[in-house]
Structure formats: structure tokens, C-alpha cells
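What follows is query.txt (compact mmCIF, C-alpha atoms (C1' of nucleotides)).
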```
# COMPACT_ATOMS: atom_id res chain seq x y z
CA MET X 1 220.62 189.47 347.33
CA GLU X 2 219.31 192.97 347.97
CA ARG X 3 215.66 193.81 347.60
CA THR X 4 215.42 195.68 344.35
CA ASP X 5 212.39 197.69 343.44
CA HIS X 6 211.86 195.93 340.15
CA SER X 7 209.00 196.72 337.84
CA PHE X 8 207.42 194.48 335.28
CA LEU X 9 205.55 195.04 332.07
CA ASN X 10 201.81 195.17 332.00
CA GLN X 11 200.06 192.95 329.49
CA THR X 12 199.07 195.80 327.20
CA THR X 13 202.60 197.08 326.77
CA ALA X 14 203.97 193.58 326.24
CA ASP X 15 201.27 192.88 323.65
CA GLU X 16 201.98 196.10 321.82
CA ALA X 17 205.71 195.40 321.72
CA ALA X 18 205.05 191.87 320.52
CA ARG X 19 202.84 193.27 317.77
CA ILE X 20 205.74 195.36 316.47
CA PHE X 21 208.21 192.49 316.65
CA LYS X 22 205.76 190.12 314.97
CA ALA X 23 205.53 192.51 312.06
CA LEU X 24 209.26 192.05 311.54
CA ALA X 25 209.37 188.35 312.33
CA ASP X 26 209.23 187.15 308.73
CA PRO X 27 211.98 187.20 306.09
CA THR X 28 209.62 188.25 303.31
CA ARG X 29 208.35 191.28 305.22
CA ILE X 30 211.90 192.14 306.21
CA LYS X 31 213.00 192.07 302.57
CA ILE X 32 210.03 194.20 301.54
CA LEU X 33 210.64 196.78 304.27
CA TYR X 34 214.33 196.88 303.46
CA LEU X 35 213.53 197.57 299.80
CA LEU X 36 211.07 200.28 300.78
CA SER X 37 213.61 201.80 303.15
CA GLN X 38 215.62 202.61 300.04
CA GLU X 39 212.99 203.58 297.51
CA GLU X 40 209.31 203.72 296.82
CA CYS X 41 208.39 200.55 294.89
CA SER X 42 205.56 199.25 292.76
CA VAL X 43 204.11 195.87 293.64
CA SER X 44 205.42 194.36 290.40
CA HIS X 45 208.90 195.64 291.15
CA ILE X 46 208.87 194.06 294.60
CA THR X 47 207.56 190.86 293.05
CA GLU X 48 210.45 190.75 290.57
CA VAL X 49 213.18 191.62 293.03
CA LEU X 50 212.03 189.12 295.63
CA GLU X 51 211.28 186.46 293.01
CA MET X 52 207.97 185.63 294.61
CA THR X 53 204.44 185.33 293.28
CA GLN X 54 202.37 188.50 292.98
CA SER X 55 199.84 187.02 295.35
CA ALA X 56 202.33 186.27 298.10
CA VAL X 57 203.75 189.79 297.91
CA SER X 58 200.30 191.35 297.87
CA HIS X 59 199.25 189.38 300.93
CA GLN X 60 202.31 190.55 302.83
CA LEU X 61 201.74 194.13 301.74
CA SER X 62 198.22 193.77 303.06
CA THR X 63 199.63 192.63 306.39
CA LEU X 64 202.03 195.57 306.49
CA ARG X 65 199.24 197.98 305.57
CA LYS X 66 197.05 196.73 308.41
CA LEU X 67 199.96 197.31 310.75
CA ARG X 68 200.38 200.85 309.34
CA LEU X 69 203.97 200.11 308.46
CA VAL X 70 203.54 200.95 304.76
CA LYS X 71 201.40 203.30 302.71
CA TYR X 72 200.86 203.63 298.97
CA ARG X 73 199.90 206.05 296.26
CA ARG X 74 198.28 205.22 292.96
CA GLU X 75 199.62 206.24 289.56
CA GLY X 76 197.33 204.86 286.90
CA SER X 77 196.92 201.20 287.56
CA THR X 78 200.21 200.99 289.41
CA LEU X 79 200.45 201.24 293.17
CA TYR X 80 203.65 202.63 294.64
CA TYR X 81 204.36 201.54 298.19
CA SER X 82 206.59 203.27 300.69
CA TYR X 83 207.25 202.80 304.38
CA ASP X 84 205.09 204.62 306.88
CA ASP X 85 206.84 204.02 310.21
CA GLU X 86 210.24 205.55 310.59
CA HIS X 87 210.85 203.95 313.96
CA VAL X 88 210.28 200.41 312.72
CA ILE X 89 212.69 201.04 309.85
CA THR X 90 215.27 202.22 312.36
CA ILE X 91 214.85 199.09 314.45
CA LEU X 92 215.20 196.94 311.33
CA GLN X 93 218.38 198.73 310.31
CA GLN X 94 219.87 198.29 313.74
CA VAL X 95 219.29 194.56 313.70
CA LEU X 96 220.65 194.27 310.18
CA SER X 97 223.81 196.18 311.02
CA HIS X 98 224.20 194.02 314.11
CA ILE X 99 224.10 190.92 311.94
CA ASN X 100 226.66 192.29 309.50
CA CYS X 101 229.00 193.31 312.30
CA ASN X 102 229.55 189.80 313.57
CA MET B 1 212.07 208.04 288.29
CA GLU B 2 215.85 207.91 288.45
CA ARG B 3 217.69 204.68 288.28
CA THR B 4 218.87 204.07 291.80
CA ASP B 5 221.48 201.52 292.60
CA HIS B 6 219.37 199.76 295.16
CA SER B 7 220.50 196.65 296.96
CA PHE B 8 218.35 193.99 298.46
CA LEU B 9 218.80 191.53 301.27
CA ASN B 10 219.97 188.03 300.64
CA GLN B 11 217.91 185.21 302.08
CA THR B 12 220.43 184.35 304.77
CA THR B 13 220.52 187.84 306.23
CA ALA B 14 216.74 188.17 306.10
CA ASP B 15 216.36 184.80 307.81
CA GLU B 16 218.81 185.74 310.53
CA ALA B 17 217.06 189.03 311.19
CA ALA B 18 213.68 187.28 311.28
CA ARG B 19 215.11 184.81 313.78
CA ILE B 20 215.97 187.67 316.15
CA PHE B 21 212.60 189.37 315.74
CA LYS B 22 210.76 186.07 316.21
CA ALA B 23 212.49 185.65 319.55
CA LEU B 24 210.86 188.90 320.66
CA ALA B 25 207.51 188.32 318.96
CA ASP B 26 205.71 186.99 322.00
CA PRO B 27 204.45 188.89 325.04
CA THR B 28 205.54 186.21 327.50
CA ARG B 29 209.12 186.21 326.23
CA ILE B 30 209.10 190.00 326.23
CA LYS B 31 208.00 190.08 329.86
CA ILE B 32 210.64 187.52 330.81
CA LEU B 33 213.42 189.40 329.04
CA TYR B 34 212.28 192.66 330.56
CA LEU B 35 212.42 191.13 334.01
CA LEU B 36 215.87 189.71 333.34
CA SER B 37 217.04 193.06 332.01
CA GLN B 38 216.58 194.35 335.56
CA GLU B 39 217.74 191.43 337.66
CA GLU B 40 218.79 187.85 337.65
CA CYS B 41 215.70 185.74 338.45
CA SER B 42 214.87 182.23 339.54
CA VAL B 43 212.30 180.30 337.57
CA SER B 44 209.86 180.36 340.46
CA HIS B 45 210.21 184.12 340.79
CA ILE B 46 209.44 184.61 337.10
CA THR B 47 206.50 182.24 337.45
CA GLU B 48 205.06 184.26 340.33
CA VAL B 49 205.59 187.67 338.78
CA LEU B 50 204.10 186.68 335.43
CA GLU B 51 201.31 184.69 337.06
CA MET B 52 201.81 181.81 334.70
CA THR B 53 202.26 178.07 335.16
CA GLN B 54 205.76 176.81 335.91
CA SER B 55 205.62 174.71 332.77
CA ALA B 56 204.75 177.56 330.45
CA VAL B 57 207.59 179.67 331.85
CA SER B 58 210.04 176.81 331.63
CA HIS B 59 209.13 176.15 328.00
CA GLN B 60 209.70 179.77 327.12
CA LEU B 61 213.01 179.80 328.99
CA SER B 62 213.95 176.77 326.95
CA THR B 63 213.15 178.68 323.78
CA LEU B 64 215.22 181.65 324.94
CA ARG B 65 218.10 179.36 325.89
CA LYS B 66 218.14 177.74 322.45
CA LEU B 67 218.32 181.22 320.95
CA ARG B 68 221.22 182.06 323.30
CA LEU B 69 219.32 185.03 324.68
CA VAL B 70 219.49 183.85 328.29
CA LYS B 71 221.88 181.86 330.44
CA TYR B 72 221.58 180.44 333.93
CA ARG B 73 223.57 179.40 336.95
CA ARG B 74 222.60 176.85 339.53
CA GLU B 75 222.48 177.44 343.27
CA GLY B 76 221.31 174.32 345.00
CA SER B 77 218.13 173.24 343.34
CA THR B 78 217.36 176.75 342.16
CA LEU B 79 218.30 178.00 338.70
CA TYR B 80 218.98 181.70 338.31
CA TYR B 81 218.46 183.04 334.83
CA SER B 82 219.94 186.18 333.33
CA TYR B 83 220.06 187.67 329.86
CA ASP B 84 222.90 186.71 327.55
CA ASP B 85 222.51 189.06 324.59
CA GLU B 86 223.02 192.72 325.31
CA HIS B 87 222.03 193.79 321.82
CA VAL B 88 218.63 192.12 321.94
CA ILE B 89 217.94 193.77 325.29
CA THR B 90 218.81 197.12 323.74
CA ILE B 91 216.41 196.54 320.85
CA LEU B 92 213.69 195.55 323.29
CA GLN B 93 214.23 198.67 325.38
CA GLN B 94 214.08 200.88 322.30
CA VAL B 95 210.75 199.44 321.25
CA LEU B 96 209.37 199.73 324.76
CA SER B 97 210.42 203.35 325.10
CA HIS B 98 208.89 204.04 321.69
CA ILE B 99 205.58 202.64 322.91
CA ASN B 100 205.65 204.69 326.08
CA CYS B 101 206.50 207.89 324.20
CA ASN B 102 203.30 207.90 322.17
C1' DT R 1 216.28 155.55 351.83
C1' DA R 2 212.13 158.31 351.24
C1' DC R 3 210.10 162.56 350.48
C1' DA R 4 209.69 167.46 349.26
C1' DT R 5 211.09 171.14 346.31
C1' DA R 6 212.72 173.22 341.88
C1' DT R 7 212.81 172.75 337.21
C1' DA R 8 212.59 170.43 332.57
C1' DT R 9 210.36 167.92 329.04
C1' DG R 10 207.23 165.22 325.85
C1' DA R 11 202.63 164.75 323.94
C1' DA R 12 198.54 166.77 322.59
C1' DC R 13 195.74 170.49 321.16
C1' DA R 14 194.06 174.96 319.51
C1' DT R 15 195.35 178.82 317.06
C1' DA R 16 198.21 181.61 314.01
C1' DT R 17 200.94 182.13 309.91
C1' DG R 18 202.55 182.18 305.02
C1' DC R 19 201.95 180.35 300.89
C1' DT R 20 199.29 178.71 296.50
C1' DC R 21 195.48 178.70 293.46
C1' DA R 22 191.62 180.69 291.54
C1' DT R 23 189.24 184.67 290.93
C1' DA R 24 187.71 189.45 291.73
C1' DT R 25 188.48 194.44 291.22
C1' DG R 26 190.24 198.58 289.21
C1' DT R 27 192.60 200.99 285.33
C1' DT R 28 194.05 201.85 280.56
C1' DA R 29 193.87 201.39 275.73
C1' DA R 30 191.79 199.82 271.40
C1' DT V 1 182.57 197.60 275.05
C1' DT V 2 186.31 194.42 275.14
C1' DA V 3 190.81 193.01 276.17
C1' DA V 4 195.02 193.44 278.71
C1' DC V 5 197.41 194.72 282.67
C1' DA V 6 198.18 195.69 287.80
C1' DT V 7 196.80 194.47 292.10
C1' DA V 8 193.79 192.52 295.83
C1' DT V 9 191.40 188.91 298.08
C1' DG V 10 189.12 184.51 299.72
C1' DA V 11 189.61 179.55 300.46
C1' DG V 12 192.42 175.88 301.49
C1' DC V 13 196.51 173.70 303.20
C1' DA V 14 200.84 172.71 305.56
C1' DT V 15 203.60 174.19 309.14
C1' DA V 16 204.80 176.80 313.31
C1' DT V 17 203.69 178.41 317.89
C1' DG V 18 202.16 178.70 322.85
C1' DT V 19 199.84 176.55 326.26
C1' DT V 20 198.25 172.62 329.37
C1' DC V 21 198.71 168.21 331.46
C1' DA V 22 201.28 164.55 333.03
C1' DT V 23 205.57 163.08 334.21
C1' DA V 24 210.68 162.98 334.42
C1' DT V 25 215.00 164.69 336.46
C1' DA V 26 217.92 166.88 339.87
C1' DT V 27 218.84 168.61 344.48
C1' DG V 28 218.21 169.00 349.47
C1' DT V 29 216.64 167.11 353.86
C1' DA V 30 214.91 163.93 357.37
```
Mind turning this structure into C-alpha cells?
Amino acid sequence: MERTDHSFLNQTTADEAARIFKALADPTRIKILYLLSQEECSVSHITEVLEMTQSAVSHQLSTLRKLRLVKYRREGSTLYYSYDDEHVITILQQVLSHINCN
Amino acid sequence: MERTDHSFLNQTTADEAARIFKALADPTRIKILYLLSQEECSVSHITEVLEMTQSAVSHQLSTLRKLRLVKYRREGSTLYYSYDDEHVITILQQVLSHINCN
DNA sequence: TACATATATGAACATATGCTCATATGTTAA
DNA sequence: TTAACATATGAGCATATGTTCATATATGTA
């Protein structure tokens, strides 16, 4: 029972951390980011691999774009997405390896 | 455009990862876990530090308990909570240090 | 026993989230 | 220009989430 000089998080920092975790708090976004961690992918490719509708995938990509976690380049009418935040990918990989190590 | 032997996540793994990230996807839970990462705390202490109602804190502790991220011990009528998942604390600290390093 | 203190819990409510469906936009080819 | 393809987007809906309010439960004390 000693007095410890404990600190606590300010609201801004907690909000910012929550924002990052929220980005990863959905299985669809996790699957998309995992795919992109391995290779640049077109929307249609993601759609096929995840076996989801084009609309659902596009909405999630929109979410990830707003969060600056992915970027894309255009080639004709095809958009190729890739990840844009190395740190978030690292965090994702750590959690995934933790799960597989159980 | 080489053929890469890419793998993708199965639903179970993605769900499990999302479950962990969801646990951290809220500023209140982040502040609680950060507090507990430094010291064992009573519910009333957490309530005071976070300046929240006792009920709100207790509900979030309940959530964290269900996720096995915290545990508690009783001393009289006081419950002392502490973290119960080292790995999740590590992930949290990594994200926090990332935010502060910007 | 009665009361105060510490904590938990259920109901209700407002807001956020993820999907579907329909449709819009942008690009290529005929 | 028209049609076909690739992708984005808005509306609507069902479900999940975080809080408040009221109240229950457990412990300590007079």
C-alpha cells in the first residue's frame, strides 16, 4: 500500500488509441488488411477471396481509407489497394501470431 | 503481376482477433486498462480517477472480466482489480507509445 | 437488527456499426 | 455514342455498444 506516483491517460490520447483499435475491431477489415499485408489487391480480387458482395467490401475500404490505413492506385478502371500504415499492420500481425501460438 | 501464393485468414481467426481489438476499442476501457497496467485499483479509485459514475465503471469492468482481461480480489467490501492478460497490455502500450511518438 | 459503504446488475435509450439493395460514377471498347 | 465493366455511394435496416437510472447484493459496524 505505498503511494505510487501513477499517471493516467488524457481523453485525447485514449480517444486516439481507441480510434486505432476500432479500425481493427471487425473481422472483415482484419481479413482485408491481412490480404493487403501480403500483396496489393484489386477490389474485385478482395471481393472474390473474402466471398463478400462488392458493396460490402467497397464500404469497408472506404472506412479504411478515411482512417488512412490503406491507399490505392488506378490502372485503367481497376483500383489496386495497398496498406498505408506499417504500424497498424505490425499490431495486427502481433495479435494474429498471439492467437496462433495458443 | 506474379502469381503469389497468398494465404488468407479463416473466419475463426479473424473473429478471434476482432474480439481482442474490440476489447480495446473504447476510450474508457483503455483508460481502465492503462491504470491497471500501473497498479492494482479498487473500483472506487478507478471511478474517481476517470471521473465517471460508479455504474459506468462497473459495467466496463464487467465487460473486461467477461473477456478475461482483468481479475479481482476482495478485501472486506472493497474489490481490487488488476489486469489478467499480459499480451493485451503489451499491445495497448505499443499503440500508446506509437501515438506519443508522432 | 439496522444502517452505511462498496460494488454489481437489469432496463431503457441514444448512437454507432456493418450489411443489403439500388443506383451513381468512372473507364474501356465497339 | 452505347454498352459493359469496375468501383463507389446513399438510404434503410438490424444489431451492437456505452451510458444513465434505479435497484439489488454483499460486507462492515453500531
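Take atom CA of Ala14 of chain X and atom CA of Arg68 of chain X: the distance between them is 18.7 Å.
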For DG28 of chain V, please output as a PyMOL selection string all residues within 10 Å (counting all atoms listed in the file; exclusion window: fewer than 3 positions along the same chain). (chain B and resi 76-77) or (chain R and resi 4-5)
Quick one: contact table of segment 2-102 of chain B to segment 10-17 of chain V, 12 Å max, nearest atom pair and distance in Å to one decimal per residue, counting only C-alpha atoms (C1' of nucleotides), chain and number order, as JSON lines?
```
{"residue": "B:Lys22", "atom": "CA", "partner": "V:DT17", "partner_atom": "C1'", "distance": 10.6}
{"residue": "B:Ala23", "atom": "CA", "partner": "V:DT17", "partner_atom": "C1'", "distance": 11.5}
{"residue": "B:Ala25", "atom": "CA", "partner": "V:DT17", "partner_atom": "C1'", "distance": 10.7}
{"residue": "B:Asp26", "atom": "CA", "partner": "V:DT17", "partner_atom": "C1'", "distance": 9.7}
{"residue": "B:His59", "atom": "CA", "partner": "V:DT17", "partner_atom": "C1'", "distance": 11.7}
{"residue": "B:Gln60", "atom": "CA", "partner": "V:DT17", "partner_atom": "C1'", "distance": 11.1}
{"residue": "B:Thr63", "atom": "CA", "partner": "V:DT17", "partner_atom": "C1'", "distance": 11.1}
```
Applying 12 Å and all atoms listed in the file, which residues near DT25 of chain V remain after dropping the ones on its own chain fewer than 6 positions away? List them as a PDB file with C-alpha atoms (C1' of nucleotides), in the coordinates of the input.
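Output below, filename around.pdb:
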```
ATOM      1  CA  SER B  77     218.130 173.240 343.340  1.00  0.00           C
TER       2      SER B  77
ATOM      3  C1'  DA R   6     212.720 173.220 341.880  1.00  0.00           C
ATOM      4  C1'  DT R   7     212.810 172.750 337.210  1.00  0.00           C
ATOM      5  C1'  DA R   8     212.590 170.430 332.570  1.00  0.00           C
ATOM      6  C1'  DT R   9     210.360 167.920 329.040  1.00  0.00           C
TER       7       DT R   9
END
```
Per-residue nearest contacts of chain R to chain X (12 Å; all atoms listed in the file) as a tab-separated table:
```
residue	atom	partner	partner_atom	distance
R:DA16	C1'	X:Lys22	CA	11.4
R:DT17	C1'	X:Asp26	CA	9.8
R:DG18	C1'	X:Ala56	CA	8.0
R:DC19	C1'	X:Ala56	CA	6.6
R:DT20	C1'	X:Ala56	CA	8.3
R:DC21	C1'	X:Ser55	CA	9.6
R:DA22	C1'	X:Ser55	CA	11.1
R:DT23	C1'	X:Ser55	CA	11.7
R:DT25	C1'	X:Ser77	CA	11.4
R:DG26	C1'	X:Ser77	CA	7.4
R:DT27	C1'	X:Ser77	CA	4.9
R:DT28	C1'	X:Ser77	CA	7.6
```
Contact residues (chain V, partner chain X, 9 Å, all atoms listed in the file) as a list in words: DC5, DA6, DT7, DA8 and DT9 of chain V
Kindly assemble as a tab-separated table a list of the chain X residues that lie within 7 Å of chain B, each paired with its nearest atom pair and their distance in Å to one decimal, using all atoms listed in the file, sorted first by chain and then by ascending residue number.
```
residue	atom	partner	partner_atom	distance
X:His6	CA	B:Gln38	CA	6.8
X:Phe8	CA	B:Leu35	CA	6.2
X:Leu9	CA	B:Lys31	CA	6.0
X:Ala14	CA	B:Pro27	CA	4.9
X:Asp15	CA	B:Pro27	CA	5.3
X:Ala17	CA	B:Leu96	CA	6.4
X:Ala18	CA	B:Ala25	CA	4.6
X:Arg19	CA	B:Ala25	CA	6.9
X:Phe21	CA	B:Ala25	CA	4.8
X:Lys22	CA	B:Ala25	CA	4.7
X:Leu24	CA	B:Phe21	CA	6.0
X:Ala25	CA	B:Ala18	CA	4.6
X:Asp26	CA	B:Ala18	CA	5.1
X:Pro27	CA	B:Ala14	CA	4.9
X:Ile30	CA	B:Ala14	CA	6.3
X:Lys31	CA	B:Leu9	CA	6.0
X:Leu35	CA	B:Phe8	CA	6.2
X:Gln38	CA	B:His6	CA	6.8
X:Val95	CA	B:Ala17	CA	6.5
X:Leu96	CA	B:Ala17	CA	6.4
```
Interatomic distance between atom CA of Arg65 of chain X and atom CA of Glu51 of chain X?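 These two atoms are separated by 20.9 Å.
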Quick one: pull the distance between atom C1' of DG10 of chain R and atom C1' of DT23 of chain V, Å, one decimal.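 The value is 8.8 Å.
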Give the centre and edge lengths of an axis-aligned box, in Å to one decimal, that holds all listed atoms of segment 10-27 of chain B with 3 Å on each side, as JSON.
```
{"center_x": 212.5, "center_y": 186.9, "center_z": 312.8, "size_x": 22.1, "size_y": 11.0, "size_z": 30.4}
```
Spatial neighbours of DC13 of chain R, max dist 12 Å, all atoms listed in the file, sep filter under 3 positions, as a list in words: DT17, DG18, DT19, DT20 and DC21 of chain V
